[in-house]
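Next comes run.txt, with compact mmCIF, C-alpha atoms.
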```
# COMPACT_ATOMS: atom_id res chain seq x y z
CA MET A 16 -33.24 -20.28 -9.49
CA VAL A 17 -29.98 -18.74 -10.66
CA VAL A 18 -26.58 -19.61 -9.23
CA ARG A 19 -24.15 -16.68 -8.98
CA LYS A 20 -20.51 -16.89 -8.02
CA PHE A 21 -18.64 -14.13 -6.22
CA THR A 22 -15.29 -13.58 -4.57
CA CYS A 23 -15.91 -12.09 -1.15
CA ILE A 24 -14.02 -8.81 -0.66
CA GLU A 25 -14.59 -8.40 3.07
CA CYS A 26 -11.09 -9.59 3.98
CA PRO A 27 -7.87 -10.68 2.25
CA LYS A 28 -8.92 -14.37 2.30
CA GLY A 29 -11.18 -13.89 -0.73
CA CYS A 30 -13.66 -16.74 -0.14
CA ARG A 31 -15.38 -18.06 -3.27
CA LEU A 32 -19.07 -17.63 -2.64
CA ILE A 33 -21.78 -19.65 -4.38
CA VAL A 34 -25.07 -17.84 -4.16
CA ASP A 35 -28.47 -19.29 -5.01
CA VAL A 36 -30.75 -16.49 -6.14
CA GLU A 37 -34.52 -16.78 -6.40
CA ASP A 38 -36.68 -13.91 -7.70
CA GLY A 39 -33.83 -11.44 -7.17
CA LYS A 40 -33.38 -12.51 -3.54
CA VAL A 41 -30.63 -14.59 -2.02
CA ALA A 42 -31.90 -18.05 -1.04
CA ARG A 43 -28.63 -19.63 0.08
CA VAL A 44 -24.94 -18.76 0.36
CA THR A 45 -22.19 -21.37 0.54
CA GLY A 46 -18.41 -21.19 0.39
CA ASN A 47 -18.14 -18.43 3.00
CA GLU A 48 -15.89 -19.02 5.99
CA CYS A 49 -17.57 -16.37 8.15
CA PRO A 50 -20.91 -14.55 8.47
CA LYS A 51 -19.53 -11.48 6.64
CA GLY A 52 -19.49 -13.53 3.45
CA GLU A 53 -23.22 -14.13 3.62
CA GLN A 54 -23.93 -10.43 4.21
CA TYR A 55 -21.63 -9.52 1.33
CA ALA A 56 -23.42 -11.94 -1.03
CA ILE A 57 -26.83 -10.54 -0.09
CA SER A 58 -25.59 -7.00 -0.61
CA GLU A 59 -23.98 -7.87 -3.97
CA ILE A 60 -27.29 -9.22 -5.26
CA GLU A 61 -29.70 -6.73 -3.75
CA ASN A 62 -27.74 -3.48 -3.46
CA PRO A 63 -24.00 -3.60 -4.21
CA VAL A 64 -22.08 -1.12 -2.08
CA ARG A 65 -18.45 -0.03 -1.67
CA THR A 66 -16.55 2.14 0.75
CA LEU A 67 -15.16 5.00 -1.32
CA THR A 68 -11.69 6.35 -0.57
CA SER A 69 -10.09 9.33 -2.25
CA THR A 70 -8.37 12.61 -1.42
CA VAL A 71 -9.51 16.22 -1.09
CA LEU A 72 -7.45 19.34 -1.54
CA GLY A 73 -5.93 20.96 1.53
CA GLN A 74 -5.25 24.71 1.53
CA GLY A 75 -2.84 26.32 3.95
CA LEU A 76 -2.30 22.97 5.72
CA ASP A 77 0.74 20.71 6.02
CA LEU A 78 -0.86 18.20 3.64
CA LYS A 79 -1.63 19.15 0.06
CA MET A 80 -3.94 16.17 -0.27
CA ILE A 81 -6.04 14.96 2.65
CA PRO A 82 -7.15 11.34 2.39
CA VAL A 83 -10.87 10.75 2.93
CA ARG A 84 -13.38 7.92 2.99
CA THR A 85 -17.05 7.36 3.38
CA ASN A 86 -17.73 6.15 6.92
CA LYS A 87 -20.15 3.56 5.55
CA PRO A 88 -20.30 1.90 2.13
CA ILE A 89 -22.27 3.71 -0.57
CA PRO A 90 -24.11 2.24 -3.56
CA LYS A 91 -21.74 1.30 -6.37
CA SER A 92 -23.96 3.19 -8.81
CA ARG A 93 -23.22 6.50 -7.01
CA ILE A 94 -19.40 6.18 -6.96
CA PHE A 95 -18.63 8.51 -9.87
CA GLU A 96 -21.16 11.08 -8.71
CA ALA A 97 -19.42 10.96 -5.33
CA MET A 98 -16.03 11.50 -6.99
CA ASP A 99 -17.37 14.58 -8.78
CA GLU A 100 -18.36 16.04 -5.40
CA ILE A 101 -15.07 15.08 -3.76
CA LYS A 102 -13.13 16.95 -6.45
CA LYS A 103 -14.93 20.20 -5.53
CA ILE A 104 -13.96 20.07 -1.84
CA LYS A 105 -11.25 22.28 -0.34
CA VAL A 106 -10.27 21.97 3.31
CA LYS A 107 -8.79 25.02 4.99
CA LYS A 108 -9.08 24.19 8.69
CA PRO A 109 -6.89 21.70 10.55
CA LEU A 110 -8.56 18.39 11.22
CA ASN A 111 -7.99 15.00 12.80
CA ALA A 112 -8.49 11.54 11.39
CA GLY A 113 -12.17 10.74 11.79
CA ASP A 114 -13.37 14.35 11.54
CA ILE A 115 -16.39 14.82 9.30
CA ILE A 116 -15.72 16.78 6.11
CA VAL A 117 -19.21 16.41 4.58
CA LYS A 118 -22.17 15.33 6.66
CA ASN A 119 -24.91 13.29 4.98
CA PHE A 120 -22.80 13.00 1.81
CA LEU A 121 -24.98 12.96 -1.35
CA GLY A 122 -28.00 12.57 0.95
CA LEU A 123 -27.00 8.96 1.51
CA ASP A 124 -26.97 9.14 5.32
CA VAL A 125 -23.21 8.58 5.12
CA ASP A 126 -20.46 11.00 6.18
CA LEU A 127 -17.29 11.78 4.29
CA ILE A 128 -14.49 11.71 6.87
CA ALA A 129 -10.79 12.53 6.93
CA THR A 130 -8.47 9.58 7.46
CA ARG A 131 -5.33 11.54 8.36
CA LYS A 132 -4.51 14.44 10.61
CA ALA A 133 -3.78 17.73 8.81
CA GLU A 134 -2.47 20.81 10.62
CA MET B 19 30.10 9.42 20.21
CA ILE B 20 26.44 9.52 21.28
CA LYS B 21 25.18 6.27 22.76
CA ARG B 22 21.63 4.99 22.62
CA ASP B 23 20.05 1.76 23.82
CA LEU B 24 18.09 1.06 20.66
CA VAL B 25 18.09 2.70 17.25
CA ILE B 26 15.37 1.77 14.76
CA VAL B 27 15.80 2.71 11.12
CA GLY B 28 12.48 3.31 9.37
CA GLY B 29 9.26 4.82 10.70
CA GLY B 30 6.82 2.75 8.66
CA PRO B 31 4.57 0.05 10.09
CA ALA B 32 7.47 -2.28 10.90
CA GLY B 33 9.66 0.30 12.62
CA MET B 34 6.75 1.79 14.56
CA ALA B 35 5.54 -1.60 15.81
CA ALA B 36 9.10 -2.58 16.77
CA ALA B 37 9.53 0.73 18.64
CA VAL B 38 6.28 0.38 20.57
CA SER B 39 7.04 -3.25 21.38
CA ALA B 40 10.61 -2.54 22.54
CA TYR B 41 9.29 0.29 24.71
CA GLU B 42 6.58 -1.90 26.23
CA ASN B 43 9.22 -4.55 26.89
CA GLY B 44 11.35 -2.21 28.93
CA VAL B 45 13.62 -0.17 26.63
CA LYS B 46 13.21 3.50 27.51
CA ASP B 47 15.91 5.01 25.30
CA ILE B 48 14.82 4.48 21.71
CA LEU B 49 15.71 6.57 18.67
CA LEU B 50 13.45 6.09 15.66
CA LEU B 51 14.88 7.41 12.38
CA GLU B 52 12.54 8.27 9.49
CA ARG B 53 13.74 9.76 6.22
CA ASP B 54 10.37 11.33 5.30
CA GLN B 55 8.87 14.31 7.08
CA TYR B 56 6.13 12.13 8.59
CA LEU B 57 5.94 8.79 10.31
CA GLY B 58 3.86 6.13 8.60
CA GLY B 59 5.94 5.03 5.65
CA ILE B 60 4.10 3.65 2.64
CA LEU B 61 0.82 3.56 4.61
CA ASN B 62 0.42 7.30 4.12
CA GLN B 63 -0.11 6.86 0.39
CA CYS B 64 -2.23 3.70 0.76
CA ILE B 65 -5.47 5.62 1.23
CA HIS B 66 -7.66 2.61 0.37
CA THR B 67 -9.30 0.39 2.99
CA GLY B 68 -8.38 -3.15 3.92
CA PHE B 69 -5.83 -2.62 6.66
CA GLY B 70 -6.21 -3.80 10.24
CA ILE B 71 -8.76 -6.57 9.75
CA ASN B 72 -6.59 -9.11 11.54
CA TYR B 73 -4.73 -6.86 13.95
CA PHE B 74 -7.38 -4.34 15.01
CA LYS B 75 -10.42 -6.43 13.99
CA GLU B 76 -11.72 -3.47 12.00
CA VAL B 77 -11.31 -2.15 8.49
CA LEU B 78 -9.02 0.86 8.25
CA THR B 79 -7.28 2.87 5.54
CA GLY B 80 -3.48 3.04 5.48
CA PRO B 81 -3.27 6.51 7.10
CA GLU B 82 -5.69 5.44 9.85
CA TYR B 83 -3.66 2.30 10.54
CA ALA B 84 -0.45 4.33 10.71
CA GLY B 85 -2.18 6.97 12.83
CA ARG B 86 -2.81 4.51 15.64
CA PHE B 87 0.89 3.81 16.00
CA ILE B 88 1.92 7.44 15.51
CA LYS B 89 -0.37 8.36 18.40
CA LYS B 90 1.16 5.68 20.63
CA ILE B 91 4.70 6.76 19.81
CA LYS B 92 4.00 10.45 20.38
CA GLY B 93 2.39 9.59 23.70
CA VAL B 94 5.56 8.19 25.30
CA SER B 95 8.77 9.99 26.16
CA GLY B 96 11.00 6.94 25.76
CA ILE B 97 10.82 6.97 21.96
CA GLU B 98 12.53 9.91 20.28
CA VAL B 99 11.49 10.37 16.65
CA SER B 100 13.99 11.95 14.27
CA LEU B 101 12.31 12.89 10.97
CA LYS B 102 14.03 13.79 7.70
CA SER B 103 16.81 11.51 8.88
CA ILE B 104 18.27 9.07 6.41
CA ALA B 105 20.62 6.32 7.55
CA VAL B 106 23.69 6.20 5.33
CA LYS B 107 25.98 3.74 7.06
CA LEU B 108 25.76 0.75 9.35
CA THR B 109 28.71 -1.16 10.75
CA ASN B 110 28.77 -4.51 12.48
CA ASP B 111 29.86 -2.94 15.79
CA LYS B 112 26.35 -1.44 15.88
CA THR B 113 27.15 2.12 14.98
CA ILE B 114 24.80 3.88 12.62
CA THR B 115 25.40 7.11 10.74
CA PHE B 116 22.52 9.24 9.52
CA LEU B 117 22.04 12.45 7.67
CA SER B 118 19.42 14.96 8.76
CA PRO B 119 19.05 18.58 7.61
CA GLY B 120 22.38 20.28 8.21
CA ARG B 121 24.14 17.52 10.11
CA LEU B 122 25.68 14.09 9.91
CA LYS B 123 25.44 12.08 13.12
CA THR B 124 26.97 8.81 14.24
CA ILE B 125 25.43 6.86 17.06
CA LYS B 126 26.62 3.80 18.91
CA ALA B 127 23.68 1.60 19.84
CA ARG B 128 23.34 -1.41 22.06
CA ALA B 129 20.88 -2.79 19.50
CA ILE B 130 19.68 -1.76 16.06
CA ILE B 131 16.53 -2.73 14.20
CA MET B 132 16.54 -2.19 10.47
CA ALA B 133 13.00 -1.62 9.19
CA THR B 134 13.84 -0.03 5.87
CA GLY B 135 11.01 -1.49 3.79
CA CYS B 136 11.25 -2.34 0.14
CA ARG B 137 11.44 -0.95 -3.38
CA GLU B 138 9.47 -1.64 -6.50
CA LYS B 139 10.91 -3.57 -9.40
CA THR B 140 11.46 -1.33 -12.40
CA ARG B 141 11.03 -1.50 -16.14
CA GLU B 142 14.73 -2.33 -16.46
CA MET B 143 14.28 -5.51 -14.45
CA THR B 144 11.59 -6.82 -16.79
CA HIS B 145 13.54 -6.43 -20.05
CA ILE B 146 10.82 -4.75 -22.09
CA GLN B 147 12.05 -3.61 -25.47
CA GLY B 148 11.32 -0.27 -27.08
CA THR B 149 12.04 3.38 -26.65
CA ARG B 150 12.47 5.17 -23.34
CA PRO B 151 9.80 7.85 -23.33
CA ALA B 152 8.32 9.66 -20.33
CA GLY B 153 5.20 8.09 -18.90
CA VAL B 154 6.55 4.84 -17.46
CA PHE B 155 5.97 4.78 -13.70
CA SER B 156 6.17 2.18 -10.99
CA ALA B 157 2.69 1.70 -9.54
CA GLY B 158 3.74 2.95 -6.11
CA LEU B 159 5.23 6.12 -7.55
CA ALA B 160 1.98 6.82 -9.39
CA GLN B 161 0.19 6.21 -6.10
CA LYS B 162 2.37 8.80 -4.39
CA LEU B 163 1.84 11.33 -7.19
CA ILE B 164 -1.94 11.02 -7.00
CA ASN B 165 -2.55 10.53 -3.29
CA ILE B 166 0.17 12.70 -1.77
CA GLU B 167 1.05 15.24 -4.47
CA GLY B 168 -2.37 15.52 -6.08
CA LEU B 169 -1.05 15.00 -9.60
CA LEU B 170 -2.60 12.64 -12.15
CA PRO B 171 0.30 11.16 -14.13
CA GLY B 172 -1.71 10.15 -17.22
CA LYS B 173 -5.05 9.70 -18.90
CA GLU B 174 -4.80 6.41 -20.82
CA VAL B 175 -3.11 3.78 -18.74
CA VAL B 176 -1.79 0.27 -19.29
CA ILE B 177 -0.73 -1.63 -16.19
CA ILE B 178 1.98 -4.25 -16.44
CA GLY B 179 1.65 -6.98 -13.85
CA SER B 180 -1.27 -7.69 -11.55
CA GLY B 181 0.34 -7.09 -8.18
CA ASP B 182 -1.84 -5.52 -5.52
CA ILE B 183 -0.47 -2.00 -5.94
CA GLY B 184 -1.13 -2.15 -9.69
CA LEU B 185 -4.71 -3.29 -9.11
CA ILE B 186 -5.30 -0.65 -6.46
CA MET B 187 -3.95 1.95 -8.87
CA ALA B 188 -6.17 0.69 -11.69
CA ARG B 189 -9.13 1.66 -9.53
CA ARG B 190 -7.56 4.92 -8.42
CA PHE B 191 -6.92 6.06 -12.00
CA ALA B 192 -10.44 4.99 -13.00
CA LEU B 193 -11.93 6.98 -10.11
CA GLU B 194 -9.93 10.04 -11.15
CA GLY B 195 -11.41 9.82 -14.64
CA ALA B 196 -8.50 8.24 -16.47
CA LYS B 197 -9.11 5.36 -18.86
CA VAL B 198 -7.41 2.18 -17.69
CA LYS B 199 -7.10 0.25 -20.93
CA ALA B 200 -5.59 -3.01 -19.73
CA VAL B 201 -3.88 -4.96 -17.01
CA ILE B 202 -1.31 -7.25 -18.63
CA GLU B 203 -0.24 -10.30 -16.60
CA ILE B 204 2.26 -12.81 -17.94
CA GLN B 205 1.12 -15.52 -15.54
CA LYS B 206 -2.10 -17.52 -15.67
CA LYS B 207 -3.67 -15.81 -12.70
CA SER B 208 -3.42 -12.66 -10.63
CA ARG B 209 -0.47 -12.11 -8.35
CA GLY B 210 -2.60 -9.87 -6.20
CA LEU B 211 -5.33 -10.64 -3.70
CA LEU B 212 -8.57 -11.93 -5.22
CA ARG B 213 -10.54 -9.16 -3.52
CA ASN B 214 -8.54 -6.61 -5.47
CA MET B 215 -9.34 -8.35 -8.75
CA VAL B 216 -13.01 -7.87 -7.84
CA GLN B 217 -13.17 -4.41 -6.30
CA CYS B 218 -10.46 -2.73 -8.37
CA VAL B 219 -10.70 -4.33 -11.79
CA GLU B 220 -14.07 -6.05 -12.30
CA ASP B 221 -15.97 -3.19 -10.64
CA PHE B 222 -14.60 -0.80 -13.27
CA ASP B 223 -14.79 -3.17 -16.26
CA ILE B 224 -11.04 -3.01 -16.79
CA PRO B 225 -9.82 -5.70 -19.20
CA VAL B 226 -7.27 -8.12 -17.76
CA TYR B 227 -5.06 -10.12 -20.11
CA PHE B 228 -3.60 -13.18 -18.40
CA ASN B 229 -0.86 -15.12 -20.23
CA HIS B 230 0.07 -11.90 -22.03
CA LYS B 231 3.13 -9.71 -21.99
CA ILE B 232 4.20 -6.34 -23.34
CA SER B 233 6.56 -6.90 -26.24
CA ARG B 234 7.47 -3.29 -26.94
CA ILE B 235 6.95 0.25 -25.71
CA TYR B 236 6.53 2.94 -28.39
CA GLY B 237 6.81 6.71 -28.12
CA LYS B 238 9.32 9.48 -28.66
CA ASP B 239 8.87 12.01 -25.85
CA ARG B 240 5.86 10.40 -24.22
CA VAL B 241 4.53 6.85 -24.30
CA GLU B 242 2.28 6.46 -27.36
CA LYS B 243 1.39 2.80 -27.44
CA VAL B 244 2.45 -0.69 -26.43
CA SER B 245 2.38 -3.95 -28.30
CA VAL B 246 1.09 -6.96 -26.42
CA MET B 247 1.49 -10.67 -27.19
CA LYS B 248 -0.06 -13.83 -25.85
CA VAL B 249 2.40 -16.28 -24.34
CA ASN B 250 2.33 -19.98 -23.57
CA ASP B 251 3.04 -21.49 -20.15
CA ASN B 252 6.77 -21.09 -20.75
CA PHE B 253 6.21 -17.38 -21.43
CA ASN B 254 7.12 -17.78 -25.11
CA GLU B 255 5.24 -15.87 -27.79
CA ILE B 256 2.26 -17.47 -29.44
CA PRO B 257 2.81 -16.49 -33.10
CA GLY B 258 0.30 -14.13 -34.63
CA SER B 259 -1.06 -12.99 -31.29
CA ILE B 260 0.44 -9.49 -31.24
CA PHE B 261 -1.87 -6.49 -30.92
CA GLU B 262 -1.39 -2.86 -29.95
CA ILE B 263 -2.90 -0.66 -27.26
CA LYS B 264 -2.73 3.13 -27.44
CA CYS B 265 -1.82 4.72 -24.11
CA ASP B 266 0.11 7.63 -22.64
CA THR B 267 1.09 5.97 -19.38
CA ILE B 268 2.46 2.62 -18.27
CA LEU B 269 2.45 1.44 -14.66
CA MET B 270 4.82 -1.29 -13.58
CA SER B 271 3.44 -3.56 -10.87
CA VAL B 272 5.79 -6.50 -11.10
CA GLY B 273 6.95 -7.06 -7.57
CA LEU B 274 8.92 -5.69 -4.66
CA ILE B 275 12.49 -6.15 -3.46
CA SER B 276 13.63 -5.82 0.15
CA GLU B 277 15.80 -2.78 0.74
CA ASN B 278 18.87 -4.11 2.48
CA GLU B 279 21.86 -2.20 1.16
CA LEU B 280 23.02 -0.92 4.55
CA ILE B 281 22.91 -4.40 6.03
CA GLU B 282 24.81 -5.83 3.08
CA MET B 283 27.41 -3.05 3.24
CA ALA B 284 27.98 -3.92 6.88
CA GLY B 285 28.60 -7.55 5.89
CA VAL B 286 25.70 -8.66 8.04
CA LYS B 287 23.70 -11.71 6.98
CA ILE B 288 19.96 -11.93 7.56
CA GLU B 289 18.72 -15.04 9.34
CA GLU B 290 15.26 -15.90 10.59
CA ASN B 291 14.22 -13.34 13.26
CA LYS B 292 17.80 -12.05 13.63
CA THR B 293 21.05 -11.46 11.76
CA SER B 294 24.56 -12.85 11.89
CA VAL B 295 25.45 -10.04 14.32
CA PRO B 296 23.89 -10.29 17.79
CA GLY B 297 21.98 -7.09 18.46
CA ILE B 298 21.23 -6.21 14.85
CA PHE B 299 17.71 -7.14 13.81
CA VAL B 300 15.63 -6.80 10.63
CA CYS B 301 11.85 -6.62 10.34
CA GLY B 302 9.03 -5.77 7.96
CA ASN B 303 9.41 -5.68 4.20
CA SER B 304 13.17 -5.32 4.50
CA PHE B 305 13.16 -8.82 6.01
CA LYS B 306 10.68 -10.33 3.53
CA ILE B 307 7.88 -9.05 1.31
CA TYR B 308 4.53 -9.17 3.09
CA ASP B 309 1.01 -9.28 1.61
CA VAL B 310 -0.76 -7.53 4.47
CA VAL B 311 0.44 -4.97 6.98
CA ASP B 312 -1.21 -6.72 9.91
CA SER B 313 1.38 -9.49 9.65
CA VAL B 314 4.16 -6.88 9.47
CA THR B 315 2.91 -5.45 12.76
CA THR B 316 2.65 -8.83 14.48
CA ASP B 317 6.10 -9.98 13.37
CA SER B 318 7.71 -6.61 14.14
CA TYR B 319 6.30 -6.70 17.66
CA LEU B 320 8.20 -9.93 18.13
CA ILE B 321 11.40 -8.38 16.78
CA GLY B 322 10.88 -5.42 19.11
CA LYS B 323 10.68 -7.81 22.03
CA LEU B 324 13.78 -9.74 20.95
CA ALA B 325 15.68 -6.47 20.62
CA ALA B 326 14.47 -5.39 24.06
CA ASP B 327 15.58 -8.68 25.60
CA TYR B 328 18.98 -8.26 23.97
CA THR B 329 19.33 -4.61 25.01
CA LEU B 330 18.43 -5.29 28.63
CA SER B 331 20.47 -8.48 29.03
```
Taking this structure as input, can you express it in the form of structure tokens?
Amino acid sequence: MVVRKFTCIECPKGCRLIVDVEDGKVARVTGNECPKGEQYAISEIENPVRTLTSTVLGQGLDLKMIPVRTNKPIPKSRIFEAMDEIKKIKVKKPLNAGDIIVKNFLGLDVDLIATRKAE
Amino acid sequence: MIKRDLVIVGGGPAGMAAAVSAYENGVKDILLLERDQYLGGILNQCIHTGFGINYFKEVLTGPEYAGRFIKKIKGVSGIEVSLKSIAVKLTNDKTITFLSPGRLKTIKARAIIMATGCREKTREMTHIQGTRPAGVFSAGLAQKLINIEGLLPGKEVVIIGSGDIGLIMARRFALEGAKVKAVIEIQKKSRGLLRNMVQCVEDFDIPVYFNHKISRIYGKDRVEKVSVMKVNDNFNEIPGSIFEIKCDTILMSVGLISENELIEMAGVKIEENKTSVPGIFVCGNSFKIYDVVDSVTTDSYLIGKLAADYTLS
């Protein structure tokens, strides 16, 4: 068994998690003040993910840069690939916060959405 | 002179929450002044997630968090928003003067809420020796350049201080393909939230030097390098510890200061939840520096209610 230590990033509290790992699987999580901590620890061991936020270029809109995010976390290992795609995007039509800019982004079953209204 | 029931200076999270709260508590004649061309304040450039966990019980980005309040404010007729309007004078008889394109206006209010936010500490306040080349930015300015203007201010970055904005910007520069060479923190541990040490710094293998400080900035036209030294607990140099880091950009993330010049010019003193002048209130980062916006919203709601009670009494 291996003991791993993490700081939970689910909220600003930053609980110190102690995670017992057996054969690559989480056996026990302690130190978490809420259930999110346990989920985070399992994800960190088995498939670390992050919500990616960035901006895409607006053309002919009131915002030059439109802030975007993935609507679900994506694997950490795909972050830079995702950034390469984001840099190619140009938005020409007005949109609202929450509107989908790229559906099924990188084939990850995740959408890239706008986080601010642009007219 | 034009008279209004309540004037709120600042359309960031504090001013917007105070406006909504005052409206909900019965004030139907509110003027909200915002110097930018949009409501939202600093939230508009804080495109990362982590907002709203306490207040909305969900994880939002800055623009999304701001958007919820903007929607509320636009949905009611009792709150008039005046954009591109910068307050230039406040007096203790509750008159406020502001400048907006092509006009200077003075308004007499029954109550005023100052929600003018804060500023970043600068290089000058940290007494770093060296030349004065281009390439030294406050972290929040760099954030604005990247996230609002779409400009990347540099390619090899050293961040001074480990405040949250600096850490967030370490990640942002890394995502944009810049090399973040170091975060230099004079104290023993991070000043920012632990989660930001993890998701902004460790995730991108950015070296953090605790108990270190920048001793000198080098460069003629543009920043060329910095020298860094280890310090003891009294922040004094540990001899022989100096080393250099090549970089073209320095970000300062060494703290925030409440922006209170108008209040000071009016001779008004800030007290808990109110000021020395009945009917003039302060909320948000101009009252004190907050870690998370959710607390700004909660506290500003209270100030909005107090101002409403005062206005209607």
If we count only C-alpha atoms, what is near Lys51 of chain A at a cut-off of 7 Å, once residues fewer than 3 positions away on the same chain are taken out, given as a list in words?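 Final neighbour list, sorted by chain and number: Glu25, Gln54 and Tyr55 of chain A.
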Save out the residues we just selected, C-alpha atoms, as an mmCIF file, in the frame of the given file.
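As written to disk, result15.cif reads:
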```
data_model
loop_
_atom_site.group_PDB
_atom_site.id
_atom_site.type_symbol
_atom_site.label_atom_id
_atom_site.label_comp_id
_atom_site.auth_asym_id
_atom_site.auth_seq_id
_atom_site.Cartn_x
_atom_site.Cartn_y
_atom_site.Cartn_z
ATOM 1 C CA GLU A 25 -14.590 -8.400 3.070
ATOM 2 C CA GLN A 54 -23.930 -10.430 4.210
ATOM 3 C CA TYR A 55 -21.630 -9.520 1.330
#
```
Using all atoms listed in the file, which residue out of B:Ala133, B:Val38, B:Val314, B:Val154 lies closest to Val176 of chain B? B:Val154
Nearest candidate to Glu134 of chain A (options A:Asp77, A:Glu59, A:Glu48, A:Asp114; using all atoms listed in the file): A:Asp77
Find, counting all atoms listed in the file, the residue in B:Arg128, B:Lys162, B:Arg121, B:Lys206 that gets nearest to chain A.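 That would be B:Lys162, the residue with the smallest distance to chain A.
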Would you kindly report the residues of chain B within 6 Å of chain A, using all atoms listed in the file, as a list in words?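 Applying the cut-off to the listed atoms yields His66, Pro81, Glu82, Ile166, Leu212 and Arg213 of chain B.
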Mind listing as a CSV table (one decimal) with C-alpha atoms, in the frame of the given file all residues within 6 Å of (-0.8, -13.0, -2.1), counting only C-alpha atoms?
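What landed in part13.csv:
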```
chain,number,residue,atom,x,y,z
B,210,GLY,CA,-2.6,-9.9,-6.2
B,211,LEU,CA,-5.3,-10.6,-3.7
B,309,ASP,CA,1.0,-9.3,1.6
```
Smallest atom-to-atom distance to Lys20 of chain A: which of A:Ile57, A:Ile104, A:Cys49, A:Val34, using all atoms listed in the file?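 Closest to Lys20 of chain A of all the choices is A:Val34.
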Please list as a PDB file with C-alpha atoms, in the frame of the given file every residue within 7 Å of Phe299 of chain B, counting only C-alpha atoms and excluding residues in the same chain fewer than 4 positions away.
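The file below, out-v9.pdb, is the result:
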```pdb
ATOM      1  CA  ILE B 130      19.680  -1.760  16.060  1.00  0.00           C
ATOM      2  CA  ILE B 131      16.530  -2.730  14.200  1.00  0.00           C
ATOM      3  CA  MET B 132      16.540  -2.190  10.470  1.00  0.00           C
ATOM      4  CA  LYS B 292      17.800 -12.050  13.630  1.00  0.00           C
ATOM      5  CA  THR B 293      21.050 -11.460  11.760  1.00  0.00           C
TER       6      THR B 293
END
```
Would you list the contacts of Glu277 of chain B as a list in words, taking every protein, DNA or RNA residue within 10 Å and counting only C-alpha atoms, but skipping same-chain residues closer than 5 positions in sequence?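 Near neighbours after the sequence-gap exclusion: Met132, Ala133, Thr134, Gly135, Cys136, Arg137, Glu138, Glu282, Asn303, Ser304, Phe305 and Lys306 of chain B.
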